[in-house]
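Trainee: Pasting query.pdb here (PDB, C-alpha atoms):
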ATOM      1  CA  MET X1398      22.228  -5.270 -35.874
ATOM      2  CA  SER X1399      21.753  -5.264 -32.094
ATOM      3  CA  LEU X1400      18.591  -3.831 -30.571
ATOM      4  CA  THR X1401      20.625  -2.190 -27.821
ATOM      5  CA  GLN X1402      22.088   0.259 -30.314
ATOM      6  CA  PHE X1403      18.634   1.886 -30.505
ATOM      7  CA  TYR X1404      18.411   2.385 -26.778
ATOM      8  CA  GLN X1405      20.885   4.480 -24.882
ATOM      9  CA  PRO X1406      19.595   5.336 -21.376
ATOM     10  CA  LYS X1407      19.984   8.921 -20.147
ATOM     11  CA  GLN X1408      21.101   7.581 -16.765
ATOM     12  CA  PRO X1409      22.445   4.194 -15.750
ATOM     13  CA  LEU X1410      19.757   1.576 -15.259
ATOM     14  CA  PRO X1411      19.501   0.160 -11.759
ATOM     15  CA  PRO X1412      20.450  -3.484 -11.667
ATOM     16  CA  LEU X1413      18.087  -6.031 -10.168
ATOM     17  CA  SER X1414      20.527  -6.176  -7.302
ATOM     18  CA  SER X1415      19.132  -2.742  -6.270
ATOM     19  CA  LEU X1416      15.750  -4.359  -5.726
ATOM     20  CA  ILE X1417      17.295  -7.255  -3.836
ATOM     21  CA  THR X1418      19.125  -4.790  -1.596
ATOM     22  CA  LEU X1419      15.955  -2.777  -0.957
ATOM     23  CA  LEU X1420      13.984  -5.908  -0.085
ATOM     24  CA  GLY X1421      16.822  -7.162   2.099
ATOM     25  CA  ASN X1422      16.544  -3.983   4.154
ATOM     26  CA  VAL X1423      12.823  -4.413   4.868
ATOM     27  CA  SER X1424      12.363  -4.803   8.601
ATOM     28  CA  SER X1425      11.615  -8.421   9.478
ATOM     29  CA  LEU X1426      10.268  -7.099  12.777
ATOM     30  CA  GLY X1427       7.895  -4.850  10.810
ATOM     31  CA  ILE X1428       6.713  -7.823   8.757
ATOM     32  CA  LYS X1429       6.125  -9.837  11.953
ATOM     33  CA  GLU X1430       4.250  -6.920  13.558
ATOM     34  CA  ALA X1431       2.078  -6.514  10.455
ATOM     35  CA  ILE X1432       1.323 -10.248  10.372
ATOM     36  CA  ALA X1433       0.370 -10.216  14.073
ATOM     37  CA  LEU X1434      -1.831  -7.144  13.567
ATOM     38  CA  CYS X1435      -3.562  -8.776  10.586
ATOM     39  CA  LEU X1436      -3.990 -12.157  12.304
ATOM     40  CA  ASN X1437      -5.683 -10.449  15.226
ATOM     41  CA  ALA X1438      -7.969  -8.471  12.913
ATOM     42  CA  LYS X1439      -8.836 -11.638  10.998
ATOM     43  CA  ARG X1440      -9.612 -13.455  14.256
ATOM     44  CA  LEU X1441     -11.988 -10.613  15.168
ATOM     45  CA  LYS X1442     -13.561 -10.722  11.669
ATOM     46  CA  GLN X1443     -12.503  -7.152  10.889
ATOM     47  CA  ARG X1444     -12.395  -5.803   7.341
ATOM     48  CA  PHE X1445      -9.287  -4.969   5.323
ATOM     49  CA  PHE X1446      -9.062  -1.915   3.044
ATOM     50  CA  PHE X1447      -6.388  -1.232   0.407
ATOM     51  CA  ILE X1448      -5.831   2.194  -1.176
ATOM     52  CA  GLY X1449      -3.366   3.638  -3.667
ATOM     53  CA  ASN X1450      -3.088   5.841  -6.775
ATOM     54  CA  GLY X1451      -1.669   4.828 -10.159
ATOM     55  CA  GLY X1452       0.618   1.793  -9.860
ATOM     56  CA  SER X1453      -0.179   1.676  -6.156
ATOM     57  CA  ALA X1454      -3.886   1.413  -7.073
ATOM     58  CA  ALA X1455      -3.075  -1.692  -9.096
ATOM     59  CA  ILE X1456      -1.257  -3.145  -6.082
ATOM     60  CA  ALA X1457      -4.208  -2.215  -3.837
ATOM     61  CA  SER X1458      -6.682  -3.899  -6.170
ATOM     62  CA  HIS X1459      -4.551  -7.029  -6.492
ATOM     63  CA  MET X1460      -4.051  -7.261  -2.738
ATOM     64  CA  ALA X1461      -7.768  -6.827  -1.965
ATOM     65  CA  ALA X1462      -8.506  -9.765  -4.284
ATOM     66  CA  ASP X1463      -5.721 -11.932  -2.833
ATOM     67  CA  TRP X1464      -6.613 -11.162   0.785
ATOM     68  CA  LEU X1465     -10.243 -12.013   0.095
ATOM     69  CA  LYS X1466      -9.433 -15.243  -1.770
ATOM     70  CA  ALA X1467      -6.328 -16.565   0.002
ATOM     71  CA  GLY X1468      -6.587 -14.709   3.302
ATOM     72  CA  GLY X1469     -10.272 -15.420   3.825
ATOM     73  CA  VAL X1470     -11.083 -11.903   4.996
ATOM     74  CA  ALA X1471     -13.521  -9.207   3.910
ATOM     75  CA  ALA X1472     -11.237  -7.066   1.740
ATOM     76  CA  LEU X1473     -12.117  -3.962  -0.255
ATOM     77  CA  CYS X1474     -10.408  -1.531  -2.591
ATOM     78  CA  PHE X1475     -12.008   1.826  -3.428
ATOM     79  CA  ASN X1476     -10.491   2.392  -6.887
ATOM     80  CA  GLN X1477     -13.555   1.853  -9.085
ATOM     81  CA  SER X1478     -13.652   4.607 -11.729
ATOM     82  CA  PRO X1479     -17.295   5.691 -11.193
ATOM     83  CA  LEU X1480     -16.807   5.967  -7.421
ATOM     84  CA  MET X1481     -13.531   7.844  -7.711
ATOM     85  CA  SER X1482     -14.702  10.232 -10.450
ATOM     86  CA  CYS X1483     -17.922  11.014  -8.554
ATOM     87  CA  ILE X1484     -16.112  11.871  -5.333
ATOM     88  CA  ALA X1485     -13.293  13.700  -7.135
ATOM     89  CA  ASN X1486     -15.781  15.813  -9.091
ATOM     90  CA  ASP X1487     -18.296  16.510  -6.337
ATOM     91  CA  ILE X1488     -16.114  16.647  -3.210
ATOM     92  CA  GLY X1489     -12.459  16.736  -4.262
ATOM     93  CA  TYR X1490      -9.784  14.233  -5.244
ATOM     94  CA  ASP X1491      -8.184  14.401  -1.801
ATOM     95  CA  ARG X1492     -11.345  12.685  -0.463
ATOM     96  CA  VAL X1493     -11.624   9.784  -2.979
ATOM     97  CA  PHE X1494     -10.554   7.236  -0.354
ATOM     98  CA  ALA X1495     -11.426   9.125   2.838
ATOM     99  CA  GLN X1496     -15.107   9.489   1.966
ATOM    100  CA  PRO X1497     -15.878   5.781   1.412
ATOM    101  CA  LEU X1498     -13.632   4.833   4.327
ATOM    102  CA  THR X1499     -15.669   7.147   6.561
ATOM    103  CA  LEU X1500     -18.786   5.134   5.696
ATOM    104  CA  HIS X1501     -17.287   1.625   5.533
ATOM    105  CA  GLY X1502     -14.497   1.639   8.121
ATOM    106  CA  SER X1503     -14.843   0.707  11.780
ATOM    107  CA  ALA X1504     -12.601   0.505  14.814
ATOM    108  CA  GLY X1505     -10.237  -2.446  14.495
ATOM    109  CA  ASP X1506     -10.459  -2.680  10.693
ATOM    110  CA  VAL X1507      -7.146  -2.605   8.818
ATOM    111  CA  LEU X1508      -6.069  -0.035   6.222
ATOM    112  CA  PHE X1509      -3.137  -0.684   3.891
ATOM    113  CA  ALA X1510      -2.194   2.825   2.660
ATOM    114  CA  ILE X1511       0.159   2.588  -0.337
ATOM    115  CA  SER X1512       1.912   5.618  -1.850
ATOM    116  CA  SER X1513       5.281   5.709  -3.578
ATOM    117  CA  SER X1514       5.899   9.320  -2.540
ATOM    118  CA  GLY X1515       4.069   9.117   0.780
ATOM    119  CA  ARG X1516       2.771  12.593  -0.018
ATOM    120  CA  SER X1517      -0.491  11.861  -1.869
ATOM    121  CA  LYS X1518      -3.157  13.908  -0.112
ATOM    122  CA  SER X1519      -5.830  11.352  -1.076
ATOM    123  CA  ILE X1520      -3.868   8.691   0.830
ATOM    124  CA  THR X1521      -2.901  10.775   3.854
ATOM    125  CA  SER X1522      -6.494  12.076   4.180
ATOM    126  CA  ALA X1523      -7.752   8.484   4.260
ATOM    127  CA  ALA X1524      -5.118   7.592   6.859
ATOM    128  CA  GLU X1525      -6.332  10.507   9.008
ATOM    129  CA  VAL X1526      -9.916   9.200   8.740
ATOM    130  CA  ALA X1527      -8.735   5.677   9.590
ATOM    131  CA  ARG X1528      -6.919   7.018  12.641
ATOM    132  CA  SER X1529     -10.044   8.891  13.791
ATOM    133  CA  LEU X1530     -12.057   5.652  13.418
ATOM    134  CA  ARG X1531      -9.409   3.779  15.483
ATOM    135  CA  MET X1532      -8.551   1.525  12.567
ATOM    136  CA  LYS X1533      -5.175  -0.212  12.374
ATOM    137  CA  ILE X1534      -3.004   1.329   9.652
ATOM    138  CA  ILE X1535      -0.142  -0.236   7.720
ATOM    139  CA  THR X1536       1.676   2.259   5.496
ATOM    140  CA  LEU X1537       3.895   1.595   2.507
ATOM    141  CA  SER X1538       5.825   4.568   1.163
ATOM    142  CA  GLY X1539       9.053   5.443  -0.591
ATOM    143  CA  PHE X1540      11.094   8.378  -1.845
ATOM    144  CA  ALA X1541      11.953  10.875   0.919
ATOM    145  CA  PRO X1542      12.346   9.435   4.418
ATOM    146  CA  ASP X1543      10.417  12.380   5.898
ATOM    147  CA  ASN X1544       7.249  11.802   3.860
ATOM    148  CA  PRO X1545       4.075  12.313   5.919
ATOM    149  CA  LEU X1546       2.582   8.858   5.358
ATOM    150  CA  ARG X1547       5.608   7.141   6.862
ATOM    151  CA  SER X1548       4.630   8.102  10.403
ATOM    152  CA  MET X1549       0.865   7.558  10.180
ATOM    153  CA  GLY X1550       0.621   3.811  10.758
ATOM    154  CA  ALA X1551       0.854   1.260  13.507
ATOM    155  CA  VAL X1552       3.380  -0.392  11.171
ATOM    156  CA  ASN X1553       5.230   1.670   8.558
ATOM    157  CA  PHE X1554       7.305   0.386   5.653
ATOM    158  CA  HIS X1555       9.568   2.821   3.807
ATOM    159  CA  VAL X1556      11.467   1.873   0.649
ATOM    160  CA  PRO X1557      14.427   4.271   0.347
ATOM    161  CA  SER X1558      14.431   4.810  -3.415
ATOM    162  CA  ASP X1559      13.206   7.546  -5.738
ATOM    163  CA  ARG X1560      12.470   5.116  -8.581
ATOM    164  CA  TYR X1561       8.805   4.281  -8.943
ATOM    165  CA  GLY X1562       9.431   0.799 -10.299
ATOM    166  CA  LEU X1563      11.663  -0.262  -7.441
ATOM    167  CA  VAL X1564       9.359   1.214  -4.797
ATOM    168  CA  GLU X1565       6.231  -0.342  -6.312
ATOM    169  CA  VAL X1566       7.747  -3.807  -6.721
ATOM    170  CA  ALA X1567       9.041  -3.668  -3.140
ATOM    171  CA  HIS X1568       5.596  -2.606  -1.868
ATOM    172  CA  HIS X1569       3.982  -5.488  -3.729
ATOM    173  CA  ALA X1570       6.492  -7.958  -2.264
ATOM    174  CA  ILE X1571       5.936  -6.615   1.265
ATOM    175  CA  CYS X1572       2.152  -6.977   0.925
ATOM    176  CA  HIS X1573       2.546 -10.550  -0.335
ATOM    177  CA  SER X1574       4.935 -11.382   2.513
ATOM    178  CA  ILE X1575       2.412 -10.199   5.072
ATOM    179  CA  LEU X1576      -0.397 -12.158   3.402
ATOM    180  CA  ASP X1577       1.783 -15.279   3.188
ATOM    181  CA  GLY X1578       2.481 -15.005   6.917
ATOM    182  CA  VAL X1579      -1.234 -14.688   7.675
ATOM    183  CA  VAL X1580      -2.119 -17.679   5.471
ATOM    184  CA  GLU X1581       0.629 -19.832   7.027
ATOM    185  CA  HIS X1582      -0.630 -19.103  10.564
ATOM    186  CA  ALA X1583      -4.356 -19.401   9.861
TER     187      ALA X1583
END
Show me this structure written as structure tokens.
Mentor:
Amino acid sequence: MSLTQFYQPKQPLPPLSSLITLLGNVSSLGIKEAIALCLNAKRLKQRFFFIGNGGSAAIASHMAADWLKAGGVAALCFNQSPLMSCIANDIGYDRVFAQPLTLHGSAGDVLFAISSSGRSKSITSAAEVARSLRMKIITLSGFAPDNPLRSMGAVNFHVPSDRYGLVEVAHHAICHSILDGVVEHA
């Protein structure tokens, strides 16, 4: 008896070639601009912040660790449960990243704002704070091309898919590509 007889998808599954196509459409100019932005920030000993919700929070946490270890920069992620639940309860969930960024961010620091939909108020609020602090912002979004996050950065990456898995894997690959470029040029 085949295991596939127990699973009949409601819609066709996207082949891995969909991911390859999405990654192939990522702007190489955008990657180069992001690497240059990050190299300059590293040279100036600026800090790097990574924010995201859900799967994007996992990417943010992973990237903060990798940028600290491999990139040799001060890198932070604000997704610790006590911090987030305190701010969400006492101030509001839309401020869970904006509030700590207000206190930790400075002009010239770098914010990686990651949101599959590009519509998460907690992410766009933090991007607004980063902009007011004159931080450099790199956005990673997906879904609708008119999402608000897509236009908030110095460099903006948009993955044109409405499938969380494809968008999240593409975002992770983009972040690693930028870090690899920084490490190679350091």
Trainee: What residues come out when you apply the PyMOL selection byres ((chain X and resi 1532) around 12) to this file, written as a PyMOL selection string?
Mentor: chain X and resi 1434-1435+1438+1443-1446+1498-1499+1501-1510+1523-1531+1533-1535+1549-1551
Trainee: Quick one: pull the distance between CA of Gly1539 (chain X) and CA of Ser1514 (chain X), Å, one decimal.
Mentor: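 Taking CA of Gly1539 (chain X) as the start and CA of Ser1514 (chain X) as the end point, the length is 5.4 Å.
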Trainee: What separation in Å, quoted to one decimal, exists between CA of Val1556 (chain X) and CA of Leu1419 (chain X)?
Mentor: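 These two atoms are separated by 6.7 Å.
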Trainee: Would you kindly translate the PyMOL selection byres ((chain X and resi 1484-1493) around 8) into the concrete residues it picks from this file, as a PyMOL selection string?
Mentor: chain X and resi 1475+1480-1483+1494-1497+1518-1520+1522-1523
Trainee: Can you tell me, as a PDB file with C-alpha atoms, in the frame of the given file, what residues are no more than 10 Å from Leu1537 (chain X) when counting only C-alpha atoms, ignoring any on the same chain fewer than 6 positions away?
Mentor:
ATOM      1  CA  GLY X1449      -3.366   3.638  -3.667  1.00  0.00           C
ATOM      2  CA  SER X1453      -0.179   1.676  -6.156  1.00  0.00           C
ATOM      3  CA  PHE X1509      -3.137  -0.684   3.891  1.00  0.00           C
ATOM      4  CA  ALA X1510      -2.194   2.825   2.660  1.00  0.00           C
ATOM      5  CA  ILE X1511       0.159   2.588  -0.337  1.00  0.00           C
ATOM      6  CA  SER X1512       1.912   5.618  -1.850  1.00  0.00           C
ATOM      7  CA  SER X1513       5.281   5.709  -3.578  1.00  0.00           C
ATOM      8  CA  SER X1514       5.899   9.320  -2.540  1.00  0.00           C
ATOM      9  CA  GLY X1515       4.069   9.117   0.780  1.00  0.00           C
ATOM     10  CA  LEU X1546       2.582   8.858   5.358  1.00  0.00           C
ATOM     11  CA  ARG X1547       5.608   7.141   6.862  1.00  0.00           C
ATOM     12  CA  GLY X1550       0.621   3.811  10.758  1.00  0.00           C
ATOM     13  CA  VAL X1552       3.380  -0.392  11.171  1.00  0.00           C
ATOM     14  CA  ASN X1553       5.230   1.670   8.558  1.00  0.00           C
ATOM     15  CA  PHE X1554       7.305   0.386   5.653  1.00  0.00           C
ATOM     16  CA  HIS X1555       9.568   2.821   3.807  1.00  0.00           C
ATOM     17  CA  VAL X1556      11.467   1.873   0.649  1.00  0.00           C
ATOM     18  CA  VAL X1564       9.359   1.214  -4.797  1.00  0.00           C
ATOM     19  CA  GLU X1565       6.231  -0.342  -6.312  1.00  0.00           C
ATOM     20  CA  ALA X1567       9.041  -3.668  -3.140  1.00  0.00           C
ATOM     21  CA  HIS X1568       5.596  -2.606  -1.868  1.00  0.00           C
ATOM     22  CA  HIS X1569       3.982  -5.488  -3.729  1.00  0.00           C
ATOM     23  CA  ILE X1571       5.936  -6.615   1.265  1.00  0.00           C
ATOM     24  CA  CYS X1572       2.152  -6.977   0.925  1.00  0.00           C
TER      25      CYS X1572
END
Trainee: Select, from X:Gln1405, X:Asn1422, X:Ser1517, X:Asn1476, the residue with the minimum atom-to-atom distance to Ile1456 (chain X), counting only C-alpha atoms.
Mentor: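 Under the stated criterion, the closest residue is X:Asn1476.
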Trainee: Just how far from CA of Ala1455 (chain X) is CA of Leu1576 (chain X), in Å to one decimal?
Mentor: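 Result for CA of Leu1576 (chain X) versus CA of Ala1455 (chain X): 16.5 Å, one decimal.
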Trainee: Between X:Ile1575, X:Ala1570, X:Ala1583, X:Cys1474, which has the minimum distance to Gly1421 (chain X) (counting only C-alpha atoms)?
Mentor: X:Ala1570
Trainee: Would you list the contacts of His1582 (chain X) as a ChimeraX atom specification, taking every protein, DNA or RNA residue within 10 Å and counting all atoms listed in the file, but skipping same-chain residues closer than 2 positions in sequence?
Mentor: /X:1432-1433,1436,1576-1580
Trainee: Could you tell me which of X:Asp1463, X:Pro1542, X:Pro1406, X:Leu1416 comes closest to Phe1447 (chain X) if we count only C-alpha atoms?
Mentor: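 Once distances to Phe1447 (chain X) are computed over only C-alpha atoms, the minimum belongs to X:Asp1463.
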Trainee: Build an axis-aligned box that encloses every atom of region 1537-1547 of chain X listed in the file, pad it by 4 Å on each side, and report its centre and edge lengths in Å to one decimal, as AutoDock Vina command-line options.
Mentor:
--center_x 7.5 --center_y 7.0 --center_z 2.5 --size_x 17.8 --size_y 18.8 --size_z 16.7
Trainee: Which residue, X:Asn1450, X:Val1470, X:Gln1477, X:Asp1559, has the smallest gap to Thr1521 (chain X) when you use all atoms listed in the file?
Mentor: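 The closest residue to Thr1521 (chain X) is X:Asn1450.
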Trainee: Which residue out of X:Thr1536, X:Asn1544, X:Ser1574, X:Ser1414 has the minimum interatomic distance to Trp1464 (chain X) when all atoms listed in the file are used?
Mentor: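 When distances to Trp1464 (chain X) are compared using all atoms listed in the file, the smallest one comes from X:Ser1574.
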Trainee: Pick out the closest residue to Ala1471 (chain X) from this set: X:Lys1439, X:Lys1429, X:Val1423, X:Val1566. Count all atoms listed in the file.
Mentor: X:Lys1439
Trainee: Atoms are missing here; could region 1445-1467 of chain X be completed with N, CA, C and O atoms and written as a compact mmCIF listing (two decimals), in the frame of the given file?
Mentor:
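Contents of the output file rebuild-v5.txt:
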# COMPACT_ATOMS: atom_id res chain seq x y z
N PHE X 1445 -10.58 -5.45 5.81
CA PHE X 1445 -9.29 -4.97 5.32
C PHE X 1445 -9.53 -4.07 4.11
O PHE X 1445 -10.22 -4.47 3.18
N PHE X 1446 -8.92 -2.88 4.13
CA PHE X 1446 -9.06 -1.92 3.04
C PHE X 1446 -7.69 -1.63 2.45
O PHE X 1446 -6.70 -1.52 3.18
N PHE X 1447 -7.64 -1.48 1.13
CA PHE X 1447 -6.39 -1.23 0.41
C PHE X 1447 -6.59 -0.02 -0.48
O PHE X 1447 -7.55 0.03 -1.27
N ILE X 1448 -5.70 0.98 -0.37
CA ILE X 1448 -5.83 2.19 -1.18
C ILE X 1448 -4.49 2.56 -1.79
O ILE X 1448 -3.43 2.31 -1.22
N GLY X 1449 -4.55 3.16 -2.97
CA GLY X 1449 -3.37 3.64 -3.67
C GLY X 1449 -3.77 4.33 -4.95
O GLY X 1449 -4.87 4.13 -5.46
N ASN X 1450 -2.88 5.15 -5.50
CA ASN X 1450 -3.09 5.84 -6.78
C ASN X 1450 -2.14 5.26 -7.82
O ASN X 1450 -1.04 4.83 -7.49
N GLY X 1451 -2.54 5.26 -9.07
CA GLY X 1451 -1.67 4.83 -10.16
C GLY X 1451 -1.23 3.39 -10.00
O GLY X 1451 -2.04 2.48 -9.80
N GLY X 1452 0.09 3.15 -10.04
CA GLY X 1452 0.62 1.79 -9.86
C GLY X 1452 0.27 1.23 -8.50
O GLY X 1452 0.02 0.04 -8.34
N SER X 1453 0.20 2.11 -7.50
CA SER X 1453 -0.18 1.68 -6.16
C SER X 1453 -1.65 1.25 -6.12
O SER X 1453 -2.03 0.39 -5.32
N ALA X 1454 -2.48 1.83 -6.98
CA ALA X 1454 -3.89 1.41 -7.07
C ALA X 1454 -3.97 -0.01 -7.61
O ALA X 1454 -4.80 -0.81 -7.16
N ALA X 1455 -3.10 -0.33 -8.56
CA ALA X 1455 -3.08 -1.69 -9.10
C ALA X 1455 -2.66 -2.68 -8.01
O ALA X 1455 -3.23 -3.77 -7.89
N ILE X 1456 -1.68 -2.30 -7.21
CA ILE X 1456 -1.26 -3.14 -6.08
C ILE X 1456 -2.42 -3.29 -5.10
O ILE X 1456 -2.72 -4.39 -4.64
N ALA X 1457 -3.08 -2.19 -4.78
CA ALA X 1457 -4.21 -2.22 -3.84
C ALA X 1457 -5.31 -3.15 -4.33
O ALA X 1457 -5.84 -3.96 -3.57
N SER X 1458 -5.64 -3.05 -5.60
CA SER X 1458 -6.68 -3.90 -6.17
C SER X 1458 -6.29 -5.37 -6.13
O SER X 1458 -7.08 -6.24 -5.73
N HIS X 1459 -5.06 -5.66 -6.51
CA HIS X 1459 -4.55 -7.03 -6.49
C HIS X 1459 -4.56 -7.58 -5.07
O HIS X 1459 -4.99 -8.72 -4.83
N MET X 1460 -4.11 -6.79 -4.12
CA MET X 1460 -4.05 -7.26 -2.74
C MET X 1460 -5.44 -7.49 -2.15
O MET X 1460 -5.66 -8.46 -1.42
N ALA X 1461 -6.40 -6.62 -2.46
CA ALA X 1461 -7.77 -6.83 -1.96
C ALA X 1461 -8.30 -8.16 -2.47
O ALA X 1461 -8.90 -8.93 -1.71
N ALA X 1462 -8.05 -8.48 -3.73
CA ALA X 1462 -8.51 -9.76 -4.28
C ALA X 1462 -7.79 -10.94 -3.62
O ALA X 1462 -8.43 -11.93 -3.23
N ASP X 1463 -6.48 -10.84 -3.44
CA ASP X 1463 -5.72 -11.93 -2.83
C ASP X 1463 -6.07 -12.13 -1.36
O ASP X 1463 -6.15 -13.26 -0.88
N TRP X 1464 -6.25 -11.04 -0.63
CA TRP X 1464 -6.61 -11.16 0.78
C TRP X 1464 -8.00 -11.77 0.94
O TRP X 1464 -8.24 -12.55 1.84
N LEU X 1465 -8.91 -11.42 0.04
CA LEU X 1465 -10.24 -12.01 0.10
C LEU X 1465 -10.17 -13.51 -0.22
O LEU X 1465 -10.69 -14.33 0.54
N LYS X 1466 -9.49 -13.85 -1.31
CA LYS X 1466 -9.43 -15.24 -1.77
C LYS X 1466 -8.53 -16.10 -0.89
O LYS X 1466 -8.98 -17.10 -0.32
N ALA X 1467 -7.28 -15.73 -0.73
CA ALA X 1467 -6.33 -16.57 0.00
C ALA X 1467 -6.37 -16.31 1.51
O ALA X 1467 -6.18 -17.23 2.29
